[in-house]
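File shown: work27.txt. Contents: compact mmCIF, C-alpha atoms.
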```
# COMPACT_ATOMS: atom_id res chain seq x y z
CA MET A 26 76.17 76.10 93.18
CA PHE A 27 79.23 74.55 94.72
CA ALA A 28 78.97 72.42 97.82
CA ALA A 29 81.76 71.56 100.23
CA ILE A 30 85.07 71.38 98.41
CA VAL A 31 87.49 68.59 99.16
CA ILE A 32 90.82 69.94 97.94
CA LEU A 33 92.22 66.69 96.59
CA GLY A 34 89.14 65.95 94.55
CA ALA A 35 87.77 69.37 93.83
CA LEU A 36 89.20 70.06 90.43
CA ALA A 37 87.15 67.56 88.48
CA GLY A 38 84.25 69.97 88.74
CA SER A 39 86.23 73.14 88.25
CA ALA A 40 85.35 75.52 85.44
CA PHE A 41 89.05 75.52 84.55
CA ALA A 42 88.88 71.78 83.89
CA THR A 43 86.81 72.19 80.69
CA GLY A 44 84.08 69.77 81.75
CA SER A 45 86.28 66.76 82.51
CA THR A 46 89.16 65.76 84.74
CA SER A 47 91.68 66.88 82.13
CA GLY A 48 92.37 70.03 84.15
CA VAL A 49 93.35 68.08 87.27
CA GLU A 50 97.05 68.28 87.92
CA TYR A 51 97.63 64.59 88.68
CA GLU A 52 101.40 64.98 89.11
CA ASP A 53 100.91 67.63 91.77
CA LEU A 54 98.10 65.79 93.54
CA PHE A 55 100.02 62.51 93.59
CA LYS A 56 102.99 64.19 95.23
CA ARG A 57 100.99 66.11 97.83
CA ILE A 58 101.71 65.16 101.41
CA SER A 59 98.83 63.72 103.43
CA SER A 60 97.71 65.26 106.70
CA GLY A 61 96.19 62.02 107.97
CA CYS A 62 93.24 64.05 109.27
CA SER A 63 89.59 63.07 109.15
CA THR A 64 86.98 65.43 107.73
CA THR A 65 84.12 64.03 109.82
CA GLY A 66 84.58 66.45 112.71
CA PRO A 67 83.22 69.98 113.05
CA ALA A 68 84.20 72.70 110.64
CA SER A 69 86.38 75.54 111.87
CA CYS A 70 84.40 78.31 113.58
CA GLN A 71 81.40 75.94 113.80
CA ASN A 72 82.51 73.83 116.77
CA THR A 73 80.55 73.80 120.03
CA THR A 74 83.32 72.22 122.11
CA GLU A 75 87.01 73.02 122.46
CA GLN A 76 89.20 71.32 119.86
CA ILE A 77 92.54 70.08 121.15
CA ASP A 78 94.22 68.70 118.01
CA LEU A 79 95.00 71.85 116.03
CA CYS A 80 96.84 69.78 113.44
CA CYS A 81 93.43 68.61 112.26
CA PHE A 82 91.30 71.61 113.22
CA GLU A 83 92.15 75.06 111.89
CA ALA A 84 92.30 77.58 114.74
CA PRO A 85 92.31 80.36 115.59
CA GLY A 86 92.19 81.35 111.88
CA GLY A 87 89.11 79.34 110.97
CA ASN A 88 87.43 81.84 108.62
CA VAL A 89 89.50 81.35 105.48
CA LEU A 90 89.37 83.94 102.68
CA GLN A 91 90.37 83.14 99.09
CA THR A 92 91.11 86.59 97.71
CA GLN A 93 91.16 87.51 94.01
CA LEU A 94 91.91 90.65 92.00
CA TRP A 95 90.46 92.29 88.89
CA ASP A 96 93.14 94.75 87.81
CA THR A 97 92.85 96.87 84.66
CA ASN A 98 95.17 99.84 85.22
CA PRO A 99 97.55 98.44 84.13
CA PRO A 100 95.75 95.38 82.76
CA THR A 101 97.26 92.22 84.16
CA GLY A 102 96.55 88.51 83.93
CA PRO A 103 94.33 86.72 81.41
CA THR A 104 91.56 88.89 80.00
CA ASN A 105 88.87 86.39 80.96
CA SER A 106 89.98 85.49 84.47
CA TRP A 107 90.41 87.11 87.83
CA THR A 108 93.77 86.49 89.48
CA ILE A 109 95.07 85.18 92.80
CA HIS A 110 95.88 87.44 95.72
CA GLY A 111 96.11 84.91 98.54
CA LEU A 112 94.47 82.72 101.19
CA TRP A 113 94.03 84.45 104.54
CA PRO A 114 93.11 82.90 107.93
CA ASP A 115 90.84 85.31 109.79
CA HIS A 116 89.70 84.50 113.31
CA CYS A 117 86.07 83.62 113.86
CA ASP A 118 85.43 87.11 115.28
CA GLY A 119 86.98 88.87 112.26
CA THR A 120 90.34 89.67 113.85
CA PHE A 121 93.52 88.06 112.57
CA ASN A 122 97.16 87.25 113.24
CA GLU A 123 100.00 87.87 110.79
CA ASN A 124 103.67 86.91 110.41
CA CYS A 125 103.31 84.09 112.91
CA ASP A 126 106.64 82.25 112.51
CA PRO A 127 109.71 84.14 111.22
CA SER A 128 111.74 80.92 111.46
CA ARG A 129 109.78 79.70 108.43
CA TYR A 130 110.24 82.73 106.17
CA TYR A 131 111.42 80.71 103.16
CA THR A 132 113.21 82.19 100.15
CA ASP A 133 113.58 80.88 96.57
CA LEU A 134 110.04 79.53 96.55
CA THR A 135 110.41 78.76 92.85
CA GLY A 136 113.23 76.39 93.69
CA LEU A 137 111.34 74.96 96.65
CA LEU A 138 108.23 74.18 94.58
CA ALA A 139 110.27 72.66 91.76
CA ALA A 140 112.40 70.56 94.10
CA GLN A 141 109.30 69.04 95.71
CA GLY A 142 107.58 68.16 92.44
CA ALA A 143 105.04 70.98 92.35
CA ASN A 144 105.96 72.10 88.83
CA ASP A 145 102.36 72.33 87.62
CA THR A 146 101.46 74.48 90.60
CA LEU A 147 104.45 76.72 89.90
CA ALA A 148 103.51 77.08 86.22
CA PHE A 149 99.97 78.09 87.19
CA MET A 150 101.28 80.63 89.70
CA GLN A 151 103.51 82.15 87.05
CA GLU A 152 100.39 82.95 85.01
CA PHE A 153 97.72 83.66 87.62
CA TRP A 154 99.72 84.79 90.67
CA VAL A 155 102.28 87.30 89.40
CA ASP A 156 103.45 90.57 90.93
CA ILE A 157 102.60 93.79 89.10
CA HIS A 158 106.19 94.99 89.55
CA GLY A 159 107.72 91.69 88.38
CA GLN A 160 108.79 90.74 91.90
CA ASN A 161 107.10 87.33 91.92
CA GLU A 162 109.23 85.85 94.67
CA GLN A 163 108.61 88.82 96.98
CA PHE A 164 104.87 88.60 96.40
CA TRP A 165 104.74 84.85 97.10
CA GLU A 166 107.07 85.19 100.07
CA HIS A 167 104.88 87.95 101.49
CA GLU A 168 101.71 85.86 101.20
CA TRP A 169 103.38 82.83 102.81
CA ASN A 170 105.19 84.80 105.53
CA THR A 171 102.23 87.01 106.42
CA HIS A 172 99.37 84.51 106.14
CA GLY A 173 100.63 80.99 105.44
CA THR A 174 102.70 80.76 108.63
CA CYS A 175 99.54 81.42 110.70
CA TYR A 176 97.69 78.20 109.78
CA SER A 177 97.74 75.78 112.72
CA THR A 178 97.30 72.77 110.42
CA LEU A 179 100.44 73.76 108.48
CA ASN A 180 102.73 73.65 111.50
CA PRO A 181 105.70 71.41 110.56
CA SER A 182 104.96 69.23 113.59
CA CYS A 183 101.65 68.29 111.90
CA LEU A 184 103.36 66.88 108.79
CA PRO A 185 104.59 63.32 108.25
CA PRO A 186 107.97 62.87 109.99
CA ASP A 187 109.89 62.38 106.72
CA SER A 188 108.57 65.58 105.12
CA PRO A 189 111.30 67.77 103.56
CA LYS A 190 111.93 71.27 104.85
CA GLY A 191 109.37 73.69 103.45
CA ALA A 192 106.81 70.99 102.62
CA GLU A 193 104.12 72.92 104.47
CA ALA A 194 104.74 75.98 102.27
CA VAL A 195 104.50 73.83 99.13
CA ALA A 196 101.21 72.42 100.44
CA PHE A 197 99.96 75.96 101.09
CA PHE A 198 100.60 77.09 97.51
CA GLN A 199 99.06 73.91 96.10
CA THR A 200 95.93 74.45 98.20
CA VAL A 201 95.63 78.12 97.17
CA VAL A 202 95.94 77.25 93.47
CA ASN A 203 93.54 74.31 93.66
CA LEU A 204 90.92 76.29 95.61
CA PHE A 205 91.22 79.21 93.17
CA LYS A 206 90.42 76.84 90.30
CA THR A 207 87.04 76.08 91.87
CA LEU A 208 86.20 79.80 92.00
CA PRO A 209 86.03 81.13 88.40
CA THR A 210 84.65 84.53 89.34
CA TYR A 211 84.74 85.80 85.76
CA ASP A 212 82.58 82.87 84.60
CA PHE A 213 80.22 83.17 87.58
CA LEU A 214 79.50 86.80 86.66
CA ALA A 215 79.22 86.03 82.94
CA GLN A 216 76.61 83.35 83.68
CA GLY A 217 74.51 86.12 85.21
CA GLY A 218 74.93 88.35 82.17
CA ILE A 219 77.61 90.52 83.76
CA THR A 220 80.69 91.03 81.62
CA PRO A 221 83.36 93.73 81.51
CA SER A 222 82.22 96.90 79.73
CA THR A 223 83.54 100.36 78.96
CA SER A 224 80.04 101.86 79.16
CA LYS A 225 77.82 99.78 81.44
CA THR A 226 77.64 100.06 85.20
CA TYR A 227 76.14 97.54 87.60
CA THR A 228 74.39 97.54 90.94
CA LEU A 229 75.91 95.76 93.89
CA SER A 230 72.81 93.58 94.18
CA ALA A 231 73.13 92.48 90.54
CA LEU A 232 76.73 91.46 91.09
CA THR A 233 76.12 89.63 94.35
CA ASP A 234 72.95 87.96 93.00
CA ALA A 235 74.90 86.60 90.01
CA LEU A 236 77.69 85.30 92.22
CA LYS A 237 75.31 83.72 94.73
CA ALA A 238 73.31 82.07 91.93
CA ALA A 239 76.49 80.42 90.67
CA ALA A 240 78.24 79.68 93.96
CA GLY A 241 75.47 79.45 96.53
CA VAL A 242 77.10 81.99 98.86
CA THR A 243 77.68 85.74 98.91
CA PRO A 244 81.28 86.98 98.81
CA VAL A 245 82.78 90.38 99.68
CA LEU A 246 83.21 92.77 96.75
CA ASN A 247 85.63 95.69 96.99
CA CYS A 248 85.82 98.77 94.77
CA GLY A 249 88.21 101.64 94.22
CA GLY A 250 86.65 104.85 92.93
CA GLY A 251 83.48 102.95 92.03
CA THR A 252 85.43 100.36 90.00
CA LEU A 253 85.32 96.66 90.90
CA THR A 254 88.78 95.60 92.04
CA SER A 255 88.73 92.56 94.33
CA ILE A 256 86.66 89.74 95.78
CA GLU A 257 86.87 87.63 98.93
CA TRP A 258 85.36 84.12 99.06
CA TYR A 259 84.90 82.79 102.62
CA PHE A 260 85.19 79.20 103.88
CA ASN A 261 85.27 77.15 107.03
CA VAL A 262 87.42 74.02 106.94
CA LYS A 263 86.94 70.44 108.09
CA GLY A 264 90.28 68.81 108.74
CA SER A 265 93.55 70.24 107.48
CA ILE A 266 94.28 73.04 105.03
CA ILE A 267 96.45 70.47 103.23
CA ASP A 268 93.67 68.09 102.16
CA GLY A 269 90.58 69.05 104.09
CA GLU A 270 87.03 69.96 103.14
CA PHE A 271 86.34 73.63 102.44
CA ILE A 272 82.79 74.66 103.42
CA PRO A 273 81.63 77.79 101.55
CA ILE A 274 79.96 80.39 103.79
CA ASP A 275 78.41 83.80 103.29
CA ALA A 276 80.87 86.61 103.92
CA PRO A 277 80.55 87.90 107.50
CA SER A 278 81.22 91.50 106.45
CA LYS A 279 80.49 93.99 103.69
CA GLY A 280 82.96 95.26 101.11
CA SER A 281 83.72 98.77 99.90
CA CYS A 282 81.59 98.89 96.72
CA PRO A 283 78.74 101.41 96.42
CA SER A 284 75.19 100.17 95.91
CA THR A 285 74.95 101.51 92.34
CA GLY A 286 77.11 102.72 89.47
CA ILE A 287 79.79 100.04 89.82
CA LYS A 288 82.20 99.89 86.89
CA TYR A 289 83.61 96.55 85.66
CA PRO A 290 86.01 97.61 82.90
CA PRO A 291 87.64 95.15 80.50
CA LYS A 292 91.31 94.33 80.49
CA THR A 293 92.49 96.01 77.32
CA SER A 294 95.48 93.70 76.82
CA GLY A 295 96.73 90.36 78.01
CA THR A 296 96.00 86.75 77.21
CA THR A 297 92.77 84.78 77.12
CA THR A 298 92.76 81.44 78.89
CA SER A 299 90.48 78.41 78.86
CA THR A 300 92.43 75.76 80.79
CA SER A 301 94.35 75.51 84.02
CA THR A 302 97.58 74.20 82.52
CA SER A 303 98.59 77.04 80.21
CA ALA A 304 101.52 79.14 81.31
CA SER A 305 101.97 82.52 79.69
CA SER A 306 103.98 85.55 80.66
CA SER A 307 100.95 87.62 81.58
CA THR A 308 100.95 89.20 85.02
CA THR A 309 98.54 90.06 87.79
CA ALA A 310 98.55 92.92 90.24
CA THR A 311 99.28 92.56 93.93
CA GLY A 312 97.28 95.60 94.95
CA VAL A 313 94.05 97.44 94.54
CA SER A 314 94.42 101.03 93.40
CA GLY A 315 92.09 103.86 94.28
CA SER A 316 90.68 102.91 97.70
CA LEU A 317 92.44 102.84 101.05
CA PRO A 318 92.86 99.26 102.33
CA SER A 319 92.65 98.43 106.00
CA LYS A 320 96.03 96.73 105.86
CA ALA A 321 98.86 96.67 103.34
CA THR A 322 102.57 96.53 102.78
CA ILE A 323 104.40 99.64 101.57
CA GLN A 324 106.71 98.98 98.62
CA ALA A 325 109.42 101.31 97.35
CA SER A 326 109.48 102.08 93.63
CA SER A 327 113.12 100.99 93.31
CA THR A 328 113.48 97.96 95.58
CA GLY A 329 112.15 96.57 98.84
CA GLY A 330 109.86 98.55 101.10
CA LEU A 331 109.12 99.50 104.69
CA LEU A 332 109.68 97.47 107.84
CA SER A 333 107.62 97.83 111.02
CA GLY A 334 109.79 100.63 112.39
CA GLY A 335 109.32 102.75 109.27
CA THR A 336 112.75 101.98 107.81
CA TRP A 337 113.48 101.02 104.20
CA SER A 338 114.81 97.48 103.62
CA THR A 339 114.87 94.55 101.21
CA GLN A 340 113.85 92.15 103.99
CA THR A 341 110.30 90.79 104.42
CA LEU A 342 107.99 93.79 104.50
CA ALA A 343 105.80 94.68 107.46
CA THR A 344 102.03 94.95 107.43
CA TYR A 345 100.73 98.50 107.92
CA HIS A 346 97.23 99.28 109.18
CA PHE A 347 95.29 102.32 107.95
CA THR A 348 92.47 104.34 109.50
CA GLY A 349 90.64 106.97 107.46
CA THR A 350 90.27 107.68 103.75
CA THR A 351 92.74 108.31 100.93
CA ALA A 352 92.31 112.04 101.57
CA SER A 353 93.35 111.79 105.21
CA PHE A 354 94.46 108.81 107.28
CA THR A 355 96.78 107.61 110.02
CA MET A 356 98.79 104.41 109.90
CA SER A 357 100.42 102.03 112.35
CA THR A 358 102.40 98.78 112.54
CA SER A 359 102.95 96.13 115.19
CA LYS A 360 105.42 98.55 116.80
CA GLY A 361 102.92 101.40 117.17
CA ASN A 362 101.77 104.60 115.47
CA CYS A 363 103.64 106.06 112.50
CA GLY A 364 104.62 109.70 112.28
CA VAL A 365 106.99 112.13 110.63
CA SER A 366 109.14 114.20 113.00
CA ASP A 367 111.94 116.49 111.80
CA GLY A 368 111.31 115.04 108.33
CA LYS A 369 111.97 111.43 109.38
CA LEU A 370 109.37 108.64 109.29
CA THR A 371 109.23 106.38 112.35
CA CYS A 372 106.73 103.89 113.77
CA GLY A 373 106.75 102.81 117.39
CA SER A 374 105.49 103.16 120.92
CA GLY A 375 105.06 106.79 121.91
CA VAL A 376 105.18 108.09 118.33
CA SER A 377 102.63 110.85 117.68
CA PRO A 378 100.62 109.79 114.61
CA SER A 379 100.92 112.00 111.54
CA THR A 380 98.21 112.50 108.94
CA PHE A 381 98.99 111.04 105.52
CA SER A 382 97.16 110.90 102.20
CA ALA A 383 97.28 108.66 99.14
CA VAL A 384 97.38 109.47 95.43
CA THR A 385 96.56 107.13 92.55
CA SER A 386 99.28 107.21 89.88
CA GLY A 387 99.96 104.73 87.10
CA GLY A 388 97.75 102.10 88.70
CA ASN A 389 99.50 102.45 92.07
CA LEU A 390 98.22 103.97 95.29
CA LEU A 391 101.12 106.16 96.46
CA LEU A 392 101.74 107.29 100.01
CA ALA A 393 101.89 111.06 100.42
CA PHE A 394 102.87 113.41 103.25
CA SER A 395 102.05 117.11 103.21
CA GLY A 396 100.75 116.63 99.66
CA SER A 397 103.99 115.16 98.28
CA THR A 398 104.61 111.56 97.21
CA ALA A 399 108.40 112.03 97.30
CA PHE A 400 110.45 110.14 99.88
CA SER A 401 114.21 109.78 100.11
CA SER A 402 117.08 108.09 101.95
CA ASP A 403 120.84 108.45 102.12
CA SER A 404 121.52 105.14 100.33
CA THR A 405 119.80 102.04 98.92
CA PRO A 406 119.49 99.12 101.34
CA SER A 407 120.74 95.61 100.63
CA GLY A 408 120.82 92.41 102.64
CA SER A 409 119.95 93.13 106.26
CA ASP A 410 120.59 96.88 105.94
CA GLN A 411 117.90 99.35 106.98
CA GLU A 412 117.80 102.96 105.80
CA ALA A 413 116.01 105.84 107.45
CA VAL A 414 113.11 107.21 105.40
CA PHE A 415 112.63 110.96 105.02
CA ALA A 416 109.61 112.82 103.65
CA GLY A 417 110.55 114.85 100.58
CA SER A 418 113.46 114.59 98.18
CA SER A 419 116.24 116.23 100.23
CA HIS A 420 118.36 113.07 100.48
CA SER A 421 120.41 111.41 97.75
CA ASN A 422 118.13 108.46 96.86
CA GLN A 423 114.57 109.47 95.89
CA TYR A 424 111.62 107.10 95.42
CA THR A 425 107.89 106.74 95.85
CA LEU A 426 106.08 104.35 98.22
CA ALA A 427 103.14 102.26 96.96
CA ILE A 428 100.45 100.99 99.32
CA VAL A 429 99.83 97.34 98.33
CA PRO A 430 96.96 95.52 100.11
CA SER A 431 98.14 92.41 101.94
```

Represent the structure from my file as structure tokens, please.
Amino acid sequence: MFAAIVILGALAGSAFATGSTSGVEYEDLFKRISSGCSTTGPASCQNTTEQIDLCCFEAPGGNVLQTQLWDTNPPTGPTNSWTIHGLWPDHCDGTFNENCDPSRYYTDLTGLLAAQGANDTLAFMQEFWVDIHGQNEQFWEHEWNTHGTCYSTLNPSCLPPDSPKGAEAVAFFQTVVNLFKTLPTYDFLAQGGITPSTSKTYTLSALTDALKAAAGVTPVLNCGGGTLTSIEWYFNVKGSIIDGEFIPIDAPSKGSCPSTGIKYPPKTSGTTTSTSTSASSSTTATGVSGSLPSKATIQASSTGGLLSGGTWSTQTLATYHFTGTTASFTMSTSKGNCGVSDGKLTCGSGVSPSTFSAVTSGGNLLLAFSGSTAFSSDSTPSGSDQEAVFAGSSHSNQYTLAIVPS
């Protein structure tokens, strides 16, 4: 079992560290900024009195989820490891905020990480945190913009006064990587006799029992079409996200897997890894195909994706919320309901919601309207341009729209 995890010292016990401290990225850890926060106070979501210093107490997003993916269609990432999706700050009641500070939507995260000495973190991300469409920067930017900007302890005002611009984003990615290394889901399952198979199926209780035996807590398991696709490990935090103590907790909710007949297929290609410092060109998916997520971005097959008003753009994508099943659902954004009127997709206040469906194709979950996955626009957006989106292929630029869980 793992006990409370102190981020700066956690990796010595990580399964990625091959039984010694050789897997600890000393260069990264030495260059990490310090929050100056104590870890002797209450953990997030466990306090009995109001906490004033939100630089050293994570709120309101005190239930922190480390999310991982097991993607096989197409197979991505190392064959013997799950891969990183993100680190999400849910509120204590299960609600959440997103996209909290557009002024800190950083670009060129590769350059930012390299410039601030986080080269080992970057190399690890390039192997274990890679976009299925090859858009690594967009994936990382989305996770930082959507979730990272919502951590109270990562507000720039909480950092040392001489911290360079973007230091809080660098600290976020270092924390995500270091926490992921303490959560070798593949190994946890293997220790319980559960390994990928083309013929076996597993019960939900067998999977959760194996994970709890190894980790001491029960995570959320999600499935698409009866196939295991993602996991969510929950924590409360003492101190700062930067260098605080992560307290493992049982997941407060259930996932989407059935009780029996769960498939855990092998990755039929890719690399095999045994250490945390290797850097291959293997990739990992950003989405879970087959089941309808509760929230996701919508990415165009050519470039970019949908903003909150339902327009097509290459800017930071909006988060869409879904209600229903893949056979029939409605969707909305921060602007309001989404609907198709006179062939045009819009989202906003006063919009009558339309019924959509989703179709799995080539490992992607594609948005469909009136049974068709075809969408089109008059031109391809670039820069700050936004193009109207039309259902069907009647306009000059045709594309499909993939629903990618956020």

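CA of Asn161 in chain A is found 14.1 Å from CA of Thr146 in chain A.
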
What's the 9 Å shell around Pro378 in chain A, counting only C-alpha atoms, without same-chain residues fewer than 5 positions away, as an MDAnalysis selection string?
chainID A and resid 355:357 362:365 372

Neighbouring residues of Ala383 in chain A were defined as those with any atom within 12 Å, considering only C-alpha atoms; residues of the same chain fewer than 5 positions away were excluded. Please report them as a PDB file with C-alpha atoms, keeping the file's coordinate frame.
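Produced file selection24.pdb, reproduced below:
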```pdb
ATOM      1  CA  SER A 314      94.420 101.030  93.400  1.00  0.00           C
ATOM      2  CA  GLY A 315      92.090 103.860  94.280  1.00  0.00           C
ATOM      3  CA  SER A 316      90.680 102.910  97.700  1.00  0.00           C
ATOM      4  CA  LEU A 317      92.440 102.840 101.050  1.00  0.00           C
ATOM      5  CA  PRO A 318      92.860  99.260 102.330  1.00  0.00           C
ATOM      6  CA  ILE A 323     104.400  99.640 101.570  1.00  0.00           C
ATOM      7  CA  PHE A 347      95.290 102.320 107.950  1.00  0.00           C
ATOM      8  CA  GLY A 349      90.640 106.970 107.460  1.00  0.00           C
ATOM      9  CA  THR A 350      90.270 107.680 103.750  1.00  0.00           C
ATOM     10  CA  THR A 351      92.740 108.310 100.930  1.00  0.00           C
ATOM     11  CA  ALA A 352      92.310 112.040 101.570  1.00  0.00           C
ATOM     12  CA  SER A 353      93.350 111.790 105.210  1.00  0.00           C
ATOM     13  CA  PHE A 354      94.460 108.810 107.280  1.00  0.00           C
ATOM     14  CA  THR A 355      96.780 107.610 110.020  1.00  0.00           C
ATOM     15  CA  MET A 356      98.790 104.410 109.900  1.00  0.00           C
ATOM     16  CA  ASN A 389      99.500 102.450  92.070  1.00  0.00           C
ATOM     17  CA  LEU A 390      98.220 103.970  95.290  1.00  0.00           C
ATOM     18  CA  LEU A 391     101.120 106.160  96.460  1.00  0.00           C
ATOM     19  CA  LEU A 392     101.740 107.290 100.010  1.00  0.00           C
ATOM     20  CA  ALA A 393     101.890 111.060 100.420  1.00  0.00           C
ATOM     21  CA  PHE A 394     102.870 113.410 103.250  1.00  0.00           C
ATOM     22  CA  SER A 395     102.050 117.110 103.210  1.00  0.00           C
ATOM     23  CA  GLY A 396     100.750 116.630  99.660  1.00  0.00           C
ATOM     24  CA  SER A 397     103.990 115.160  98.280  1.00  0.00           C
ATOM     25  CA  THR A 398     104.610 111.560  97.210  1.00  0.00           C
ATOM     26  CA  ALA A 399     108.400 112.030  97.300  1.00  0.00           C
ATOM     27  CA  THR A 425     107.890 106.740  95.850  1.00  0.00           C
ATOM     28  CA  LEU A 426     106.080 104.350  98.220  1.00  0.00           C
ATOM     29  CA  ALA A 427     103.140 102.260  96.960  1.00  0.00           C
ATOM     30  CA  ILE A 428     100.450 100.990  99.320  1.00  0.00           C
ATOM     31  CA  VAL A 429      99.830  97.340  98.330  1.00  0.00           C
TER      32      VAL A 429
END
```

Hey, what's within 12 Å of Ile267 in chain A if we count only C-alpha atoms and toss same-chain stuff fewer than 4 positions away? As a ChimeraX atom specification, please?
/A:31-33,54,57-64,80-83,173,176-181,183-185,192-204,262-263,271

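Atom to atom, CA of Gly111 in chain A and CA of Thr92 in chain A stand 5.3 Å apart.
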
What does the distance between CA of Tyr131 in chain A and CA of Glu257 in chain A come to in Å, to one decimal place?
25.9 Å

Within-12 Å shell of (120.3, 98.1, 106.5) in input frame, all atoms listed in the file, as a ChimeraX atom specification
/A:329-332,336-340,402-414

Would you mind exporting the chosen residues as a compact mmCIF listing (two decimals), in the coordinates of the input, restricted to C-alpha atoms?
```txt
# COMPACT_ATOMS: atom_id res chain seq x y z
CA GLY A 329 112.15 96.57 98.84
CA GLY A 330 109.86 98.55 101.10
CA LEU A 331 109.12 99.50 104.69
CA LEU A 332 109.68 97.47 107.84
CA THR A 336 112.75 101.98 107.81
CA TRP A 337 113.48 101.02 104.20
CA SER A 338 114.81 97.48 103.62
CA THR A 339 114.87 94.55 101.21
CA GLN A 340 113.85 92.15 103.99
CA SER A 402 117.08 108.09 101.95
CA ASP A 403 120.84 108.45 102.12
CA SER A 404 121.52 105.14 100.33
CA THR A 405 119.80 102.04 98.92
CA PRO A 406 119.49 99.12 101.34
CA SER A 407 120.74 95.61 100.63
CA GLY A 408 120.82 92.41 102.64
CA SER A 409 119.95 93.13 106.26
CA ASP A 410 120.59 96.88 105.94
CA GLN A 411 117.90 99.35 106.98
CA GLU A 412 117.80 102.96 105.80
CA ALA A 413 116.01 105.84 107.45
CA VAL A 414 113.11 107.21 105.40
```

So which residues touch range 287-292 of chain A within 9 Å, counting all atoms listed in the file, skipping near sequence neighbours fewer than 3 positions away, as a PyMOL selection string?
chain A and resi 95-105+219-229+248+250-254+282-284+295

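Remark: for Gln93 in chain A, the closest of the candidate residues A:Pro189, A:Gly119, A:Pro244, A:Gly373 is A:Pro244 (distances computed over only C-alpha atoms).
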